[in-house]
$ cat start.txt   # compact mmCIF, C-alpha atoms
# COMPACT_ATOMS: atom_id res chain seq x y z
CA MET A 1 -58.39 -163.66 66.88
CA ILE A 2 -56.12 -162.09 64.27
CA GLU A 3 -53.18 -164.23 65.41
CA LYS A 4 -55.30 -167.38 65.19
CA GLU A 5 -56.44 -166.53 61.66
CA PHE A 6 -52.84 -165.88 60.64
CA ASP A 7 -51.68 -169.23 62.05
CA LYS A 8 -54.57 -170.99 60.36
CA LYS A 9 -53.75 -169.54 56.94
CA GLN A 10 -50.08 -170.68 57.23
CA TRP A 11 -48.51 -168.17 54.84
CA HIS A 12 -45.48 -169.35 52.84
CA LEU A 13 -43.16 -166.89 51.16
CA VAL A 14 -40.43 -167.24 48.53
CA ARG A 15 -37.79 -164.67 47.67
CA ASN A 16 -37.29 -163.49 44.10
CA ASP A 17 -33.94 -162.68 42.47
CA ASN A 18 -34.25 -159.05 43.61
CA GLY A 19 -34.58 -160.08 47.25
CA GLU A 20 -38.33 -159.36 47.50
CA TRP A 21 -40.65 -161.76 49.32
CA ILE A 22 -43.58 -163.19 47.31
CA SER A 23 -46.49 -165.34 48.52
CA ASP A 24 -46.27 -168.85 47.08
CA ASP A 25 -49.92 -168.49 46.01
CA ASN A 26 -48.60 -166.19 43.28
CA VAL A 27 -45.83 -168.45 41.95
CA VAL A 28 -45.51 -171.67 39.95
CA PHE A 29 -42.64 -174.00 40.82
CA LEU A 30 -40.83 -175.59 37.87
CA THR A 31 -38.29 -178.29 37.21
CA ALA A 32 -35.24 -177.28 35.15
CA LEU A 33 -36.73 -178.96 32.07
CA GLU A 34 -40.13 -177.31 32.58
CA ALA A 35 -38.44 -173.91 32.97
CA THR A 36 -36.61 -174.45 29.69
CA VAL A 37 -39.76 -175.50 27.82
CA TRP A 38 -41.97 -172.68 29.14
CA LYS A 39 -39.24 -170.08 28.59
CA SER A 40 -38.93 -171.18 24.97
CA MET A 41 -42.70 -170.95 24.50
CA ALA A 42 -42.71 -167.48 26.09
CA VAL A 43 -40.04 -166.31 23.64
CA ARG A 44 -41.97 -167.65 20.66
CA GLN A 45 -45.20 -166.03 21.86
CA LYS A 46 -43.39 -162.78 22.74
CA LYS A 47 -44.66 -162.90 26.30
CA PRO A 48 -42.71 -162.23 29.51
CA LEU A 49 -41.60 -165.12 31.72
CA SER A 50 -39.11 -164.34 34.46
CA ILE A 51 -37.51 -167.50 35.85
CA GLN A 52 -36.54 -166.96 39.50
CA HIS A 53 -34.02 -168.94 41.55
CA GLY A 54 -34.75 -170.06 45.10
CA ILE A 55 -31.97 -170.31 47.69
CA ASP A 56 -32.16 -174.10 47.51
CA GLY A 57 -31.80 -174.06 43.71
CA GLN A 58 -35.53 -174.46 43.09
CA LEU A 59 -36.88 -172.64 40.05
CA TRP A 60 -40.17 -170.76 39.89
CA CYS A 61 -42.01 -168.08 37.90
CA TYR A 62 -44.85 -165.64 38.53
CA ARG A 63 -48.26 -167.29 38.18
CA HIS A 64 -49.78 -164.47 36.11
CA GLU A 65 -46.95 -164.74 33.54
CA PHE A 66 -47.21 -168.53 33.46
CA GLU A 67 -50.98 -168.53 32.92
CA ALA A 68 -50.71 -165.99 30.09
CA ILE A 69 -48.63 -168.43 28.00
CA GLU A 70 -50.46 -170.88 25.78
CA ASP A 71 -49.34 -174.47 26.26
CA GLU A 72 -48.06 -175.45 22.82
CA LYS A 73 -47.92 -178.87 21.33
CA ILE A 74 -44.39 -179.73 20.24
CA GLN A 75 -43.90 -178.48 16.69
CA PRO A 76 -42.08 -180.48 14.03
CA ALA A 77 -38.38 -179.75 14.24
CA ASN A 78 -38.08 -178.43 10.68
CA ARG A 79 -40.80 -175.83 11.34
CA ILE A 80 -38.97 -174.32 14.31
CA LEU A 81 -35.27 -174.71 13.63
CA LYS A 82 -35.23 -176.25 10.18
CA ILE A 83 -33.12 -179.11 11.51
CA LYS A 84 -33.30 -182.19 9.33
CA LYS A 85 -32.08 -185.67 10.09
CA ALA A 86 -29.88 -187.26 7.47
CA MET A 87 -30.41 -190.83 8.67
CA PRO A 88 -33.67 -192.76 9.13
CA LYS A 89 -35.03 -192.66 12.65
CA GLN A 90 -33.47 -195.37 14.80
CA GLU A 91 -36.58 -196.98 16.28
CA THR A 92 -34.60 -199.25 18.58
CA ASN A 93 -33.23 -196.36 20.63
CA GLU A 94 -35.06 -194.49 23.36
CA LEU A 95 -36.02 -190.87 22.86
CA HIS A 96 -36.94 -189.53 26.30
CA CYS A 97 -34.45 -189.59 29.19
CA SER A 98 -35.78 -189.15 32.72
CA ASP A 99 -32.62 -190.20 34.58
CA ILE A 100 -30.49 -187.57 36.30
CA TYR A 101 -26.81 -187.69 37.15
CA LYS A 102 -26.50 -187.35 40.91
CA GLY A 103 -23.02 -185.85 40.64
CA ASP A 104 -24.35 -182.71 38.92
CA ASN A 105 -24.85 -179.48 40.82
CA ALA A 106 -28.07 -177.55 40.18
CA PHE A 107 -26.91 -175.50 37.17
CA LYS A 108 -25.16 -178.43 35.46
CA ARG A 109 -28.23 -180.60 35.96
CA ALA A 110 -30.31 -177.88 34.31
CA ALA A 111 -27.89 -177.71 31.37
CA ARG A 112 -27.82 -181.49 30.96
CA SER A 113 -31.64 -181.60 31.02
CA LYS A 114 -31.72 -178.77 28.49
CA GLN A 115 -29.48 -180.61 26.01
CA SER A 116 -31.36 -183.88 26.48
CA TRP A 117 -34.62 -182.01 25.88
CA PHE A 118 -33.16 -180.33 22.79
CA ARG A 119 -32.07 -183.70 21.39
CA GLU A 120 -35.51 -185.19 22.02
CA THR A 121 -37.70 -182.24 21.01
CA TYR A 122 -35.83 -180.56 18.15
CA LEU A 123 -33.37 -183.12 16.77
CA LYS A 124 -35.86 -185.94 17.40
CA VAL A 125 -33.14 -188.55 17.74
CA GLY A 126 -32.61 -191.18 20.40
CA PHE A 127 -29.92 -191.91 22.97
CA ASP A 128 -28.32 -195.04 24.36
CA PRO A 129 -29.37 -195.64 28.00
CA THR A 130 -26.71 -198.33 28.35
CA ASN A 131 -23.82 -196.05 27.36
CA ARG A 132 -21.77 -194.75 30.31
CA TYR A 133 -21.59 -191.28 28.72
CA GLY A 134 -24.91 -191.18 26.90
CA LYS A 135 -27.33 -192.65 29.42
CA TYR A 136 -28.32 -189.22 30.77
CA GLY A 137 -29.55 -188.06 27.38
CA ALA A 138 -27.04 -185.39 26.34
CA PHE A 139 -24.85 -187.57 24.13
CA LEU A 140 -25.62 -188.33 20.48
CA LEU A 141 -25.67 -191.80 19.01
CA PRO A 142 -22.65 -192.59 16.80
CA GLN A 143 -24.41 -192.14 13.44
CA ASP A 144 -26.17 -188.97 14.55
CA ALA A 145 -22.83 -187.57 15.75
CA GLU A 146 -21.18 -188.54 12.47
CA ASP A 147 -23.98 -186.79 10.57
CA GLY A 148 -23.05 -183.56 12.39
CA LEU A 149 -26.26 -183.10 14.39
CA ASN A 150 -24.30 -181.33 17.14
CA PHE A 151 -23.95 -178.40 14.72
CA TYR A 152 -26.52 -175.97 13.36
CA GLU A 153 -27.93 -177.25 10.07
CA GLY A 154 -28.03 -173.87 8.29
CA PHE A 155 -24.23 -173.55 8.52
CA ARG A 156 -23.39 -177.22 9.05
CA LYS A 157 -21.37 -177.59 5.87
CA GLU A 158 -19.25 -174.52 6.67
CA ILE A 159 -18.76 -175.73 10.25
CA ARG A 160 -17.74 -179.24 9.25
CA ASP A 161 -15.39 -177.95 6.56
CA ALA A 162 -13.74 -175.66 9.14
CA ILE A 163 -13.40 -178.55 11.61
CA ARG A 164 -11.73 -180.72 8.97
CA ASP A 165 -9.30 -177.89 8.17
CA ARG A 166 -8.49 -177.43 11.86
CA TYR A 167 -8.36 -181.14 12.72
CA PRO A 168 -7.33 -183.28 9.73
CA LYS A 169 -7.30 -186.20 12.17
CA LEU A 170 -9.29 -186.59 15.39
CA ASN A 171 -8.73 -189.27 17.99
CA LYS A 172 -11.83 -190.93 19.45
CA ASP A 173 -11.96 -188.82 22.63
CA LYS A 174 -11.64 -185.55 20.70
CA HIS A 175 -14.16 -186.70 18.11
CA ASP A 176 -16.72 -187.73 20.75
CA GLY A 177 -16.18 -184.54 22.75
CA LEU A 178 -16.82 -182.38 19.69
CA TYR A 179 -19.32 -184.37 17.62
CA ALA A 180 -21.29 -186.38 20.20
CA ASN A 181 -21.20 -184.66 23.60
CA MET A 182 -23.94 -182.02 23.66
CA LEU A 183 -23.14 -180.88 27.20
CA ARG A 184 -19.50 -179.90 26.86
CA SER A 185 -18.55 -176.53 25.42
CA GLU A 186 -16.28 -177.72 22.55
CA HIS A 187 -18.97 -177.49 19.87
CA ILE A 188 -20.31 -174.08 20.96
CA PRO A 189 -17.62 -171.87 19.31
CA TRP A 190 -18.22 -173.63 16.00
CA ASN A 191 -21.98 -172.99 16.19
CA VAL A 192 -21.56 -169.38 17.29
CA PHE A 193 -18.54 -168.01 15.45
CA ILE A 194 -18.28 -169.87 12.13
CA PRO A 195 -21.62 -168.36 11.00
CA MET A 196 -20.30 -164.93 12.01
CA LYS A 197 -17.58 -165.27 9.39
CA SER A 198 -20.22 -164.89 6.68
CA ASP A 199 -20.74 -161.22 7.67
CA LEU A 200 -17.57 -159.75 9.13
CA LYS A 201 -18.96 -156.20 9.07
CA ALA A 202 -21.84 -157.19 11.35
CA SER A 203 -19.39 -159.16 13.49
CA ALA A 204 -17.21 -156.06 13.89
CA LYS A 205 -20.23 -154.12 15.19
CA VAL A 206 -20.97 -156.86 17.72
CA PHE A 207 -17.44 -156.89 19.11
CA ASN A 208 -17.05 -153.11 19.07
CA THR A 209 -20.15 -152.93 21.26
CA ILE A 210 -18.71 -155.51 23.68
CA LEU A 211 -15.33 -153.74 23.87
CA GLY A 212 -17.07 -150.42 24.49
CA VAL A 213 -14.94 -148.52 21.96
CA PRO A 214 -14.92 -148.74 18.13
CA VAL A 215 -11.39 -150.14 17.87
CA ILE A 216 -12.22 -152.70 15.17
CA ASP A 217 -11.85 -151.14 11.73
CA LYS A 218 -11.94 -154.51 9.99
CA ILE A 219 -12.01 -158.14 11.09
CA VAL A 220 -9.32 -160.06 9.23
CA ASP A 221 -10.35 -163.56 10.31
CA ILE A 222 -12.03 -165.66 12.98
CA HIS A 223 -10.16 -168.75 14.17
CA ILE A 224 -11.50 -171.58 16.34
CA GLU A 225 -9.11 -173.37 18.74
CA TRP A 226 -6.12 -171.22 17.88
CA ALA A 227 -2.82 -170.41 19.58
CA PRO A 228 0.26 -168.38 18.62
CA ASN A 229 3.79 -169.81 18.49
CA LYS A 230 3.99 -171.35 21.95
CA VAL A 231 7.79 -171.27 22.20
CA VAL A 232 7.93 -167.47 22.09
CA CYS A 233 4.68 -166.83 23.98
CA LEU A 234 3.89 -168.95 27.06
CA ASN A 235 5.78 -172.12 26.16
CA ASP A 236 2.72 -174.28 26.90
CA GLY A 237 -0.42 -175.62 25.26
CA THR A 238 -2.74 -172.73 26.14
CA SER A 239 -5.04 -171.77 23.26
CA PHE A 240 -8.07 -169.59 22.63
CA ASP A 241 -11.44 -171.22 22.07
CA THR A 242 -11.93 -168.48 19.47
CA TYR A 243 -9.51 -165.84 18.23
CA ILE A 244 -10.65 -162.66 16.44
CA GLU A 245 -7.92 -161.08 14.32
CA PHE A 246 -8.65 -157.44 13.48
CA MET A 247 -7.10 -154.19 12.26
CA HIS A 248 -7.11 -150.86 14.08
CA HIS A 249 -5.49 -147.81 12.44
CA GLY A 250 -3.40 -150.13 10.27
CA ASN A 251 -2.18 -152.22 13.21
CA LEU A 252 -2.87 -155.90 13.85
CA CYS A 253 -4.85 -156.57 17.05
CA GLY A 254 -6.68 -159.52 18.60
CA ILE A 255 -9.46 -160.74 20.85
CA GLY A 256 -9.05 -164.08 22.62
CA ILE A 257 -12.37 -165.65 23.57
CA GLU A 258 -12.90 -168.30 26.23
CA VAL A 259 -16.28 -170.05 25.89
CA LYS A 260 -17.77 -171.64 29.00
CA TYR A 261 -20.90 -173.71 29.45
CA THR A 262 -21.02 -175.89 32.56
CA GLU A 263 -17.30 -175.60 33.38
CA GLU A 264 -16.02 -173.98 36.55
CA GLY A 265 -12.40 -173.97 37.78
CA TYR A 266 -9.98 -176.80 37.13
CA PRO A 267 -7.16 -178.48 39.10
CA PHE A 268 -3.43 -178.34 38.33
CA GLY A 269 -1.68 -180.72 35.99
CA LYS A 270 1.82 -181.82 36.99
CA THR A 271 3.72 -179.73 34.45
CA GLU A 272 1.54 -176.69 35.03
CA TYR A 273 1.97 -176.97 38.79
CA ARG A 274 5.75 -176.99 38.42
CA GLU A 275 5.80 -173.97 36.10
CA VAL A 276 3.28 -171.93 38.09
CA MET A 277 4.13 -172.82 41.68
CA GLU A 278 7.85 -173.70 41.61
CA ASN A 279 9.50 -171.86 38.72
CA ASP A 280 9.82 -168.13 39.43
CA ARG A 281 11.51 -167.64 36.04
CA SER A 282 8.85 -169.32 33.92
CA ARG A 283 7.22 -167.50 31.02
CA TYR A 284 4.11 -167.29 33.19
CA ALA A 285 6.08 -165.36 35.80
CA GLU A 286 7.84 -163.12 33.27
CA VAL A 287 4.71 -162.11 31.38
CA THR A 288 2.65 -161.62 34.54
CA ALA A 289 5.27 -159.33 36.07
CA GLU A 290 5.92 -157.27 32.92
CA CYS A 291 2.62 -157.02 31.02
CA GLY A 292 1.05 -154.24 33.10
CA LEU A 293 -2.24 -156.07 33.57
CA TYR A 294 -1.95 -156.63 37.30
CA LYS A 295 -1.79 -154.39 40.33
CA SER A 296 1.62 -154.05 41.96
CA GLU A 297 0.73 -156.30 44.88
CA ILE A 298 0.12 -159.08 42.32
CA ALA A 299 2.82 -158.35 39.72
CA SER A 300 5.60 -157.95 42.30
CA ARG A 301 5.04 -161.29 44.04
CA PRO A 302 5.60 -164.92 43.01
CA ILE A 303 2.46 -166.32 41.40
CA ARG A 304 2.12 -168.95 44.12
CA GLU A 305 1.58 -166.13 46.63
CA THR A 306 -1.27 -164.54 44.63
CA ASP A 307 -4.85 -165.46 43.79
CA LEU A 308 -3.84 -166.09 40.16
CA CYS A 309 -2.77 -169.63 41.02
CA LYS A 310 -6.19 -170.58 42.42
CA ASP A 311 -8.26 -173.08 40.45
CA GLU A 312 -11.09 -170.62 39.81
CA TYR A 313 -8.85 -167.89 38.32
CA ARG A 314 -6.03 -169.80 36.67
CA GLN A 315 -7.50 -170.41 33.22
CA ILE A 316 -8.80 -166.83 32.98
CA TRP A 317 -5.32 -165.56 33.90
CA ARG A 318 -3.51 -167.86 31.46
CA ASN A 319 -5.68 -166.82 28.52
CA HIS A 320 -5.23 -163.18 29.46
CA ILE A 321 -1.45 -163.35 29.59
CA LEU A 322 -1.31 -165.52 26.45
CA GLY A 323 -2.73 -162.57 24.57
CA GLU A 324 -0.41 -160.10 26.28
CA SER A 325 2.56 -162.29 25.37
CA MET A 326 1.72 -161.49 21.74
CA VAL A 327 1.65 -157.70 22.22
CA LYS A 328 4.75 -156.05 20.74
CA ASN A 329 6.59 -159.38 20.96
CA PRO A 330 9.63 -158.99 18.67
CA LYS A 331 10.00 -162.76 18.36
CA LEU A 332 6.64 -163.10 16.62
CA GLU A 333 6.37 -162.64 12.86
CA HIS A 334 3.19 -160.61 13.36
CA PRO A 335 3.11 -159.13 16.87
CA LEU A 336 -0.03 -157.44 18.12
CA GLU A 337 -0.50 -153.78 18.86
CA GLU A 338 -3.43 -154.44 21.19
CA PHE A 339 -5.13 -157.46 22.76
CA HIS A 340 -8.46 -157.98 24.53
CA THR A 341 -9.70 -161.06 26.39
CA LEU A 342 -13.38 -162.02 26.49
CA THR A 343 -15.21 -164.71 28.47
CA LEU A 344 -18.54 -165.88 27.05
CA TYR A 345 -20.75 -167.87 29.45
CA PRO A 346 -24.43 -168.63 30.14
CA LYS A 347 -26.25 -166.57 32.74
CA GLY A 348 -27.08 -169.80 34.56
CA ASN A 349 -23.40 -170.47 35.31
CA THR A 350 -23.23 -168.64 38.63
CA HIS A 351 -19.58 -169.61 39.12
CA PHE A 352 -18.41 -167.15 36.48
CA LYS A 353 -20.88 -164.51 37.56
CA LYS A 354 -18.96 -164.51 40.85
CA VAL A 355 -15.40 -165.23 39.70
CA LEU A 356 -15.07 -162.79 36.79
CA PRO A 357 -15.58 -159.62 38.92
CA GLU A 358 -13.21 -161.05 41.53
CA TYR A 359 -10.53 -161.57 38.89
CA GLN A 360 -11.09 -158.08 37.50
CA SER A 361 -10.40 -156.61 40.94
CA LEU A 362 -6.78 -157.83 40.57
CA LEU A 363 -6.24 -155.75 37.41
CA THR A 364 -4.81 -152.31 36.81
CA GLU A 365 -6.80 -149.73 34.89
CA TYR A 366 -5.02 -150.87 31.73
CA GLY A 367 -5.71 -154.53 32.52
CA SER A 368 -9.36 -153.85 33.22
CA SER A 369 -9.73 -152.02 29.89
CA ARG A 370 -8.54 -155.19 28.13
CA PHE A 371 -10.77 -157.57 30.09
CA HIS A 372 -14.38 -158.28 29.06
CA SER A 373 -17.16 -160.76 29.75
CA ILE A 374 -20.66 -161.27 28.40
CA THR A 375 -23.43 -163.82 28.89
CA PHE A 376 -24.81 -165.96 26.09
CA GLU A 377 -28.11 -164.15 26.46
CA GLU A 378 -26.53 -160.71 26.01
CA PHE A 379 -24.35 -161.90 23.13
CA PHE A 380 -27.27 -163.44 21.23
CA SER A 381 -29.21 -160.20 21.64
CA LEU A 382 -26.33 -158.35 19.97
CA LEU A 383 -26.44 -160.83 17.10
CA MET A 384 -30.14 -160.06 16.69
CA GLU A 385 -29.36 -156.34 16.66
CA TYR A 386 -26.54 -156.28 14.12
CA PHE A 387 -27.05 -159.21 11.76
CA THR A 388 -29.42 -158.73 8.81
CA GLN A 389 -32.82 -160.08 9.69
CA ASN A 390 -33.20 -162.50 6.81
CA SER A 391 -34.26 -166.10 7.43
CA LYS A 392 -30.68 -167.40 7.23
CA TYR A 393 -29.49 -165.41 10.23
CA ARG A 394 -32.82 -165.30 12.05
CA ASP A 395 -33.06 -169.11 12.19
CA TRP A 396 -29.42 -169.42 13.28
CA ILE A 397 -29.85 -166.94 16.15
CA ARG A 398 -33.13 -168.59 17.19
CA TYR A 399 -31.27 -171.91 17.32
CA LEU A 400 -28.62 -170.42 19.63
CA LYS A 401 -31.22 -168.79 21.89
CA ILE A 402 -33.21 -171.99 22.23
CA ARG A 403 -30.35 -174.42 22.62
CA TYR A 404 -27.84 -172.86 24.99
CA PRO A 405 -29.25 -170.60 27.73
CA PHE A 406 -30.49 -172.39 30.83

$ encode --input "start.txt" --output "structure tokens"
Amino acid sequence: MIEKEFDKKQWHLVRNDNGEWISDDNVVFLTALEATVWKSMAVRQKKPLSIQHGIDGQLWCYRHEFEAIEDEKIQPANRILKIKKAMPKQETNELHCSDIYKGDNAFKRAARSKQSWFRETYLKVGFDPTNRYGKYGAFLLPQDAEDGLNFYEGFRKEIRDAIRDRYPKLNKDKHDGLYANMLRSEHIPWNVFIPMKSDLKASAKVFNTILGVPVIDKIVDIHIEWAPNKVVCLNDGTSFDTYIEFMHHGNLCGIGIEVKYTEEGYPFGKTEYREVMENDRSRYAEVTAECGLYKSEIASRPIRETDLCKDEYRQIWRNHILGESMVKNPKLEHPLEEFHTLTLYPKGNTHFKKVLPEYQSLLTEYGSSRFHSITFEEFFSLLMEYFTQNSKYRDWIRYLKIRYPF
């Protein structure tokens, strides 16, 4: 009798992120867009909502948390983020995008949906469904891109001025990647780090917390898309998405930051392949062998025989040794006394959650002490902790917390 009743009920279980089994009667399944919307409402209402990830990529939350959140009507954009549109609304363009790109994996699809939703809900501007890049909703129309809508309004002038200083001229691909493409990571450092320049003391507290030791006495400057003299460093085009220049006990030091969003590993280019895989006397090989970052079984072998040459590790390694190539380098006008590397990525990017600890396992104790990573969610929480809670900073941090995590 008991067995028959059990069969009749047909129990279905799902596993939460902690590995515990939960009856599906107690969960609510969500699309990526729904998860984003309800998470944002939970944050605004200061209520818990734990988004869980099924083994097949399906998202869900606990029913009791879901039902405790009040379903909000979409608020006007200027009431939530104070984002204003400079141009009249383009009535001829569609606002809502329901198409999905079949080539996306689960986390990239969630990020693309998030940016399309952000464009529709907060920026309230349309997209071009006939455009090969913009038809999935995460690409701004030309005038909206030109108006700078990819950048936070509260610091938009400072951001655009800094971009013009860094790039006096932009070709079309670079312009579209930075100004129009909401999904790529190019615009993120400008939205995150240019506002931090307005309070370098608070910024120093943020980075001291990340580094785990109070080595930053004073931040000298924050640079976006910056590289040292390539001839005397790595002799290539490697650069930092963001570079923090700081002083410690009177010595110049640096933090090189790599910002990731939906990116994972990347394949070799022809020149890079030759220098990494075929030239045992390249600057890559010299710095890797001599910098002290890597365990002997890595540093003593050709790079092609180590994990450093793999697609998933190569950019992390190159940014790490770029910084080390600046440490006590007599050929530089201003060599560094100390360098740290930092990877900033969203919690939803499971690639880096896996790859970063694997890369760290290749490092010596010294190398590990100079290697750091943090999620967007953790970083934004530090901004909330250390930046003065006036409306200027509060609205900026709210913008970051709503727009980027997924």

$ atom_distance --input "start.txt" --atom1 "atom CA of Gly137 of chain A" --atom2 "atom CA of Tyr152 of chain A"
18.8 Å

$ residues_around --input "start.txt" --residues "Ala180 of chain A" --least-positions-apart "6" --cutoff "6 Å" --atoms "only C-alpha atoms" --output "MDAnalysis selection string"
chainID A and resid 139:140 145

$ closest_residue --input "start.txt" --among "A:Trp317, A:Tyr136, A:Phe193, A:Tyr167" --to "Thr242 of chain A" --atoms "all atoms listed in the file"
A:Phe193

$ atom_distance --input "start.txt" --atom1 "atom CA of Lys218 of chain A" --atom2 "atom CA of Ile255 of chain A"
12.8 Å

$ closest_residue --input "start.txt" --among "A:Leu149, A:Leu362, A:Cys291, A:Val259" --to "Ile374 of chain A" --atoms "all atoms listed in the file"
A:Val259

$ atom_distance --input "start.txt" --atom1 "atom CA of Ser203 of chain A" --atom2 "atom CA of Ser185 of chain A"
21.1 Å

$ closest_residue --input "start.txt" --among "A:Leu95, A:Met41, A:Ala106, A:Ile51" --to "Asn349 of chain A" --atoms "only C-alpha atoms"
A:Ala106

$ closest_residue --input "start.txt" --among "A:Val37, A:Ile163, A:Val27, A:Leu200" --to "His175 of chain A" --atoms "only C-alpha atoms"
A:Ile163

$ closest_residue --input "start.txt" --among "A:Asp25, A:Glu34, A:Asp128, A:Glu70" --to "Gln58 of chain A" --atoms "all atoms listed in the file"
A:Glu34

$ closest_residue --input "start.txt" --among "A:Asp17, A:Trp190, A:Met196, A:Gly154" --to "Ser391 of chain A" --atoms "all atoms listed in the file"
A:Gly154

$ residues_near_point --input "start.txt" --point "(-10.4, -171.9, 12.8)" --cutoff "10 Å" --atoms "only C-alpha atoms" --output "PyMOL selection string"
chain A and resi 159+162-167+189-190+193-194+221-226+241-244

$ residues_near_point --input "start.txt" --point "(-23.1, -180.8, 23.3)" --cutoff "9 Å" --atoms "all atoms listed in the file" --output "ChimeraX atom specification"
/A:115,138-140,150-151,177-188

$ write_last_selection --input "start.txt" --atoms "C-alpha atoms" --output "CSV table (one decimal), in the coordinates of the input"
chain,number,residue,atom,x,y,z
A,115,GLN,CA,-29.5,-180.6,26.0
A,138,ALA,CA,-27.0,-185.4,26.3
A,139,PHE,CA,-24.8,-187.6,24.1
A,140,LEU,CA,-25.6,-188.3,20.5
A,150,ASN,CA,-24.3,-181.3,17.1
A,151,PHE,CA,-24.0,-178.4,14.7
A,177,GLY,CA,-16.2,-184.5,22.8
A,178,LEU,CA,-16.8,-182.4,19.7
A,179,TYR,CA,-19.3,-184.4,17.6
A,180,ALA,CA,-21.3,-186.4,20.2
A,181,ASN,CA,-21.2,-184.7,23.6
A,182,MET,CA,-23.9,-182.0,23.7
A,183,LEU,CA,-23.1,-180.9,27.2
A,184,ARG,CA,-19.5,-179.9,26.9
A,185,SER,CA,-18.6,-176.5,25.4
A,186,GLU,CA,-16.3,-177.7,22.6
A,187,HIS,CA,-19.0,-177.5,19.9
A,188,ILE,CA,-20.3,-174.1,21.0

$ axis_aligned_box --input "start.txt" --around "segment 64-68 of chain A" --padding-each-side "8 Å" --output "lines of an AutoDock Vina configuration file"
center_x = -49.0
center_y = -166.5
center_z = 33.1
size_x = 20.0
size_y = 20.1
size_z = 22.0
